[in-house]
Amino acid sequence: MRGVEFVGETARVVWRCSACGAEAHCRVNQFVERMALRWDAEHWCDACAHRSCVHGGLRSAATPEGVRAAIVAANGSARLTLATPPPSRVAILRVLRGSPELSGDVAPDLSAARRLADTLAAGRLGGTWCEMTLIALRLRARGVEAGVERVGPVSGGR
Ligand SMILES: [Zn+2]
């Protein structure tokens, strides 16, 4: 049952309980759902039983940097790969321009999308596993054969 199943990653981070101030637990998740990137964070405290949950990605495409960093630290990052020979650049640019997940929350303009396409063609377009999987799914939906490779676990930039 590999293939189109749930795509998601999780990480544990240390959390300061907002109710009692004790050191508490937080689990952050990033996942792909219906061709969109989502994230959430669950907090719970053993000291006072306080719980809370934050859901993100419904309105805004961006995953907070702290969540991304925890996901990458726990799981490593990923790299998007293209089949050779290089497929249609027009289709790739369309997908990249429609993918605000790659640049904070703003859809890349044409020059930004061109830079991303160059990075992709050079095999250096990276991000979290979920981010790269989402872009690969969008590329495949436009007939561009794309894959995702695990990089890392990483320590620091590359
Ligand atoms: Zn607490």
# chains A, B, ... in the order shown; residues from 1 in each chain; ligands from 1
$ residues_around --residues "Leu125 in chain A" --least-positions-apart "2" --cutoff "12 Å" --atoms "only C-alpha atoms" --output "short mmCIF file (atom, residue, chain, number, x, y, z; two decimals) with N, CA and C atoms, in the first residue's frame"
data_model
loop_
_atom_site.label_atom_id
_atom_site.label_comp_id
_atom_site.auth_asym_id
_atom_site.auth_seq_id
_atom_site.Cartn_x
_atom_site.Cartn_y
_atom_site.Cartn_z
N SER A 77 15.74 16.63 5.38
CA SER A 77 15.00 17.35 4.36
C SER A 77 14.87 16.49 3.11
N ALA A 78 14.35 17.08 2.06
CA ALA A 78 14.10 16.33 0.84
C ALA A 78 14.45 17.18 -0.37
N ARG A 79 14.61 16.51 -1.49
CA ARG A 79 15.04 17.17 -2.71
C ARG A 79 14.12 16.69 -3.83
N LEU A 80 13.77 17.63 -4.69
CA LEU A 80 12.90 17.31 -5.82
C LEU A 80 13.76 16.93 -7.02
N THR A 81 13.41 15.86 -7.69
CA THR A 81 14.18 15.43 -8.85
C THR A 81 13.28 15.35 -10.08
N LEU A 82 13.86 15.65 -11.22
CA LEU A 82 13.12 15.58 -12.48
C LEU A 82 13.66 14.43 -13.32
N LEU A 96 5.39 26.12 -10.29
CA LEU A 96 6.13 26.88 -9.28
C LEU A 96 5.42 28.19 -8.94
N LEU A 102 6.51 27.47 -1.25
CA LEU A 102 7.96 27.48 -1.38
C LEU A 102 8.58 28.80 -0.98
N ALA A 113 10.05 32.49 -9.96
CA ALA A 113 9.75 31.13 -10.44
C ALA A 113 10.87 30.63 -11.35
N ARG A 115 14.03 31.43 -11.14
CA ARG A 115 15.16 31.05 -10.28
C ARG A 115 14.90 29.68 -9.64
N LEU A 116 13.65 29.47 -9.19
CA LEU A 116 13.30 28.17 -8.60
C LEU A 116 13.45 27.06 -9.65
N ALA A 117 13.03 27.34 -10.89
CA ALA A 117 13.12 26.34 -11.95
C ALA A 117 14.58 25.99 -12.23
N ASP A 118 15.46 27.00 -12.19
CA ASP A 118 16.89 26.74 -12.39
C ASP A 118 17.44 25.87 -11.26
N THR A 119 17.04 26.22 -10.04
CA THR A 119 17.47 25.44 -8.88
C THR A 119 16.99 23.99 -9.00
N LEU A 120 15.73 23.85 -9.45
CA LEU A 120 15.16 22.51 -9.63
C LEU A 120 15.91 21.74 -10.72
N ALA A 121 16.17 22.41 -11.84
CA ALA A 121 16.87 21.75 -12.94
C ALA A 121 18.27 21.30 -12.52
N ALA A 122 18.88 22.06 -11.59
CA ALA A 122 20.21 21.71 -11.11
C ALA A 122 20.15 20.64 -10.01
N GLY A 123 18.92 20.20 -9.66
CA GLY A 123 18.78 19.17 -8.64
C GLY A 123 18.98 19.67 -7.23
N GLY A 127 13.49 21.15 0.51
CA GLY A 127 12.54 21.61 1.53
C GLY A 127 12.19 20.43 2.40
N THR A 128 11.06 20.50 3.06
CA THR A 128 10.63 19.35 3.82
C THR A 128 10.09 18.29 2.87
N TRP A 129 9.99 17.07 3.38
CA TRP A 129 9.45 15.96 2.57
C TRP A 129 8.06 16.31 2.04
N GLU A 131 6.66 19.31 1.60
CA GLU A 131 6.69 20.39 0.61
C GLU A 131 7.11 19.86 -0.76
N MET A 132 8.15 19.04 -0.77
CA MET A 132 8.64 18.52 -2.05
C MET A 132 7.65 17.52 -2.65
N THR A 133 7.00 16.74 -1.80
CA THR A 133 5.99 15.80 -2.30
C THR A 133 4.83 16.55 -2.94
N ILE A 135 4.87 19.51 -4.37
CA ILE A 135 5.29 20.06 -5.67
C ILE A 135 5.39 18.92 -6.70
N ALA A 136 5.91 17.78 -6.27
CA ALA A 136 6.01 16.63 -7.19
C ALA A 136 4.62 16.20 -7.67
N ALA A 146 8.25 13.74 -11.87
CA ALA A 146 9.08 14.28 -10.80
C ALA A 146 9.09 13.32 -9.63
N GLY A 147 10.19 13.31 -8.92
CA GLY A 147 10.31 12.45 -7.75
C GLY A 147 10.85 13.22 -6.56
N VAL A 148 10.85 12.57 -5.42
CA VAL A 148 11.36 13.18 -4.19
C VAL A 148 12.39 12.25 -3.57
N GLU A 149 13.50 12.83 -3.17
CA GLU A 149 14.59 12.07 -2.55
C GLU A 149 14.85 12.58 -1.16
N ARG A 150 15.13 11.70 -0.26
CA ARG A 150 15.46 12.09 1.10
C ARG A 150 16.89 12.65 1.13
N VAL A 151 17.07 13.76 1.82
CA VAL A 151 18.41 14.32 2.04
C VAL A 151 18.60 14.40 3.55
N ARG A 158 23.04 23.48 3.46
CA ARG A 158 23.89 22.85 2.46
C ARG A 158 23.76 23.60 1.15
#
$ select_by_dssp --residues "range 18-107 of chain A" --states "alpha helix (DSSP H)" --output "PyMOL selection string"
chain A and resi 65-75+89-97
$ write_last_selection --atoms "N, CA and C atoms" --output "PDB file, in the first residue's frame"
ATOM      1  N   GLU A  65       8.281  28.961  10.507  1.00  0.00           N
ATOM      2  CA  GLU A  65       9.675  28.537  10.423  1.00  0.00           C
ATOM      3  C   GLU A  65      10.048  27.600  11.572  1.00  0.00           C
ATOM      4  N   GLY A  66       9.524  27.858  12.756  1.00  0.00           N
ATOM      5  CA  GLY A  66       9.834  26.997  13.897  1.00  0.00           C
ATOM      6  C   GLY A  66       9.344  25.569  13.682  1.00  0.00           C
ATOM      7  N   VAL A  67       8.177  25.431  13.074  1.00  0.00           N
ATOM      8  CA  VAL A  67       7.626  24.105  12.786  1.00  0.00           C
ATOM      9  C   VAL A  67       8.482  23.409  11.726  1.00  0.00           C
ATOM     10  N   ARG A  68       8.808  24.138  10.667  1.00  0.00           N
ATOM     11  CA  ARG A  68       9.649  23.567   9.597  1.00  0.00           C
ATOM     12  C   ARG A  68      10.993  23.110  10.160  1.00  0.00           C
ATOM     13  N   ALA A  69      11.598  23.985  10.989  1.00  0.00           N
ATOM     14  CA  ALA A  69      12.928  23.672  11.511  1.00  0.00           C
ATOM     15  C   ALA A  69      12.883  22.401  12.352  1.00  0.00           C
ATOM     16  N   ALA A  70      11.834  22.247  13.163  1.00  0.00           N
ATOM     17  CA  ALA A  70      11.715  21.047  13.999  1.00  0.00           C
ATOM     18  C   ALA A  70      11.515  19.808  13.135  1.00  0.00           C
ATOM     19  N   ILE A  71      10.711  19.938  12.090  1.00  0.00           N
ATOM     20  CA  ILE A  71      10.451  18.810  11.183  1.00  0.00           C
ATOM     21  C   ILE A  71      11.751  18.390  10.482  1.00  0.00           C
ATOM     22  N   VAL A  72      12.503  19.380  10.004  1.00  0.00           N
ATOM     23  CA  VAL A  72      13.753  19.070   9.296  1.00  0.00           C
ATOM     24  C   VAL A  72      14.779  18.477  10.260  1.00  0.00           C
ATOM     25  N   ALA A  73      14.845  19.019  11.485  1.00  0.00           N
ATOM     26  CA  ALA A  73      15.804  18.498  12.460  1.00  0.00           C
ATOM     27  C   ALA A  73      15.492  17.037  12.789  1.00  0.00           C
ATOM     28  N   ALA A  74      14.214  16.694  12.854  1.00  0.00           N
ATOM     29  CA  ALA A  74      13.831  15.335  13.240  1.00  0.00           C
ATOM     30  C   ALA A  74      13.864  14.358  12.074  1.00  0.00           C
ATOM     31  N   ASN A  75      13.587  14.825  10.873  1.00  0.00           N
ATOM     32  CA  ASN A  75      13.385  13.904   9.749  1.00  0.00           C
ATOM     33  C   ASN A  75      14.372  14.083   8.606  1.00  0.00           C
ATOM     34  N   ARG A  89       9.611  23.362 -19.589  1.00  0.00           N
ATOM     35  CA  ARG A  89       9.859  24.397 -18.599  1.00  0.00           C
ATOM     36  C   ARG A  89       8.604  25.228 -18.337  1.00  0.00           C
ATOM     37  N   VAL A  90       7.759  25.349 -19.342  1.00  0.00           N
ATOM     38  CA  VAL A  90       6.521  26.129 -19.168  1.00  0.00           C
ATOM     39  C   VAL A  90       5.651  25.503 -18.083  1.00  0.00           C
ATOM     40  N   ALA A  91       5.494  24.176 -18.156  1.00  0.00           N
ATOM     41  CA  ALA A  91       4.683  23.490 -17.151  1.00  0.00           C
ATOM     42  C   ALA A  91       5.302  23.645 -15.770  1.00  0.00           C
ATOM     43  N   ILE A  92       6.621  23.546 -15.713  1.00  0.00           N
ATOM     44  CA  ILE A  92       7.310  23.676 -14.422  1.00  0.00           C
ATOM     45  C   ILE A  92       7.101  25.081 -13.849  1.00  0.00           C
ATOM     46  N   LEU A  93       7.247  26.093 -14.703  1.00  0.00           N
ATOM     47  CA  LEU A  93       7.058  27.472 -14.227  1.00  0.00           C
ATOM     48  C   LEU A  93       5.636  27.685 -13.733  1.00  0.00           C
ATOM     49  N   ARG A  94       4.660  27.104 -14.427  1.00  0.00           N
ATOM     50  CA  ARG A  94       3.269  27.239 -13.987  1.00  0.00           C
ATOM     51  C   ARG A  94       3.084  26.657 -12.595  1.00  0.00           C
ATOM     52  N   VAL A  95       3.632  25.468 -12.388  1.00  0.00           N
ATOM     53  CA  VAL A  95       3.492  24.821 -11.081  1.00  0.00           C
ATOM     54  C   VAL A  95       4.181  25.649 -10.007  1.00  0.00           C
ATOM     55  N   LEU A  96       5.395  26.123 -10.286  1.00  0.00           N
ATOM     56  CA  LEU A  96       6.134  26.879  -9.281  1.00  0.00           C
ATOM     57  C   LEU A  96       5.421  28.186  -8.943  1.00  0.00           C
ATOM     58  N   ARG A  97       4.857  28.839  -9.969  1.00  0.00           N
ATOM     59  CA  ARG A  97       4.147  30.097  -9.710  1.00  0.00           C
ATOM     60  C   ARG A  97       2.888  29.864  -8.904  1.00  0.00           C
TER      61      ARG A  97
END
$ residues_near_ligand --ligand "ligand 1" --cutoff "12 Å" --atoms "only C-alpha atoms and all ligand atoms" --output "list in words"
Trp15, Arg16, Cys17, Ser18, Ala19, Cys20, Gly21, Ala22, Glu23, Ala24, His25, Cys26, His43, Trp44, Cys45, Asp46, Ala47, Cys48, Ala49, His50, Arg51 and Ser52 of chain A
$ select_by_dssp --residues "range 4-150 of chain A" --states "strand (DSSP E or B)" --output "JSON, numbers by chain"
{"A": [7, 8, 9, 10, 11, 12, 13, 14, 15, 16, 23, 24, 25, 26, 27, 28, 29, 30, 31, 32, 33, 36, 37, 38, 39, 40, 41, 42, 43, 44, 51, 52, 53, 54, 55, 56, 77, 78, 79, 80, 81, 82, 126, 127, 146, 147, 148, 149, 150]}
$ residues_around --residues "Ser99 in chain A" --least-positions-apart "6" --cutoff "9 Å" --atoms "only C-alpha atoms" --output "PyMOL selection string"
chain A and resi 61+105-108+135+138
$ residues_around --residues "Phe6 in chain A" --least-positions-apart "3" --cutoff "8 Å" --atoms "only C-alpha atoms" --output "MDAnalysis selection string"
chainID A and resid 31:33
$ write_last_selection --atoms "N, CA and C atoms" --output "mmCIF file, in the first residue's frame"
data_model
loop_
_atom_site.group_PDB
_atom_site.id
_atom_site.type_symbol
_atom_site.label_atom_id
_atom_site.label_comp_id
_atom_site.auth_asym_id
_atom_site.auth_seq_id
_atom_site.Cartn_x
_atom_site.Cartn_y
_atom_site.Cartn_z
ATOM 1 N N PHE A 31 1.765 17.984 6.871
ATOM 2 C CA PHE A 31 1.223 16.926 6.032
ATOM 3 C C PHE A 31 0.591 17.501 4.773
ATOM 4 N N VAL A 32 0.386 16.617 3.829
ATOM 5 C CA VAL A 32 -0.239 16.990 2.560
ATOM 6 C C VAL A 32 -1.643 16.417 2.561
ATOM 7 N N GLU A 33 -2.611 17.285 2.321
ATOM 8 C CA GLU A 33 -4.001 16.843 2.317
ATOM 9 C C GLU A 33 -4.708 17.520 1.158
#
$ closest_residue --among "A:Val54, A:Val7, A:Ala112, A:Leu134" --to "Ala36 in chain A" --atoms "only C-alpha atoms"
A:Leu134
$ atom_distance --atom1 "CA of His55 in chain A" --atom2 "CA of Arg38 in chain A"
7.9 Å
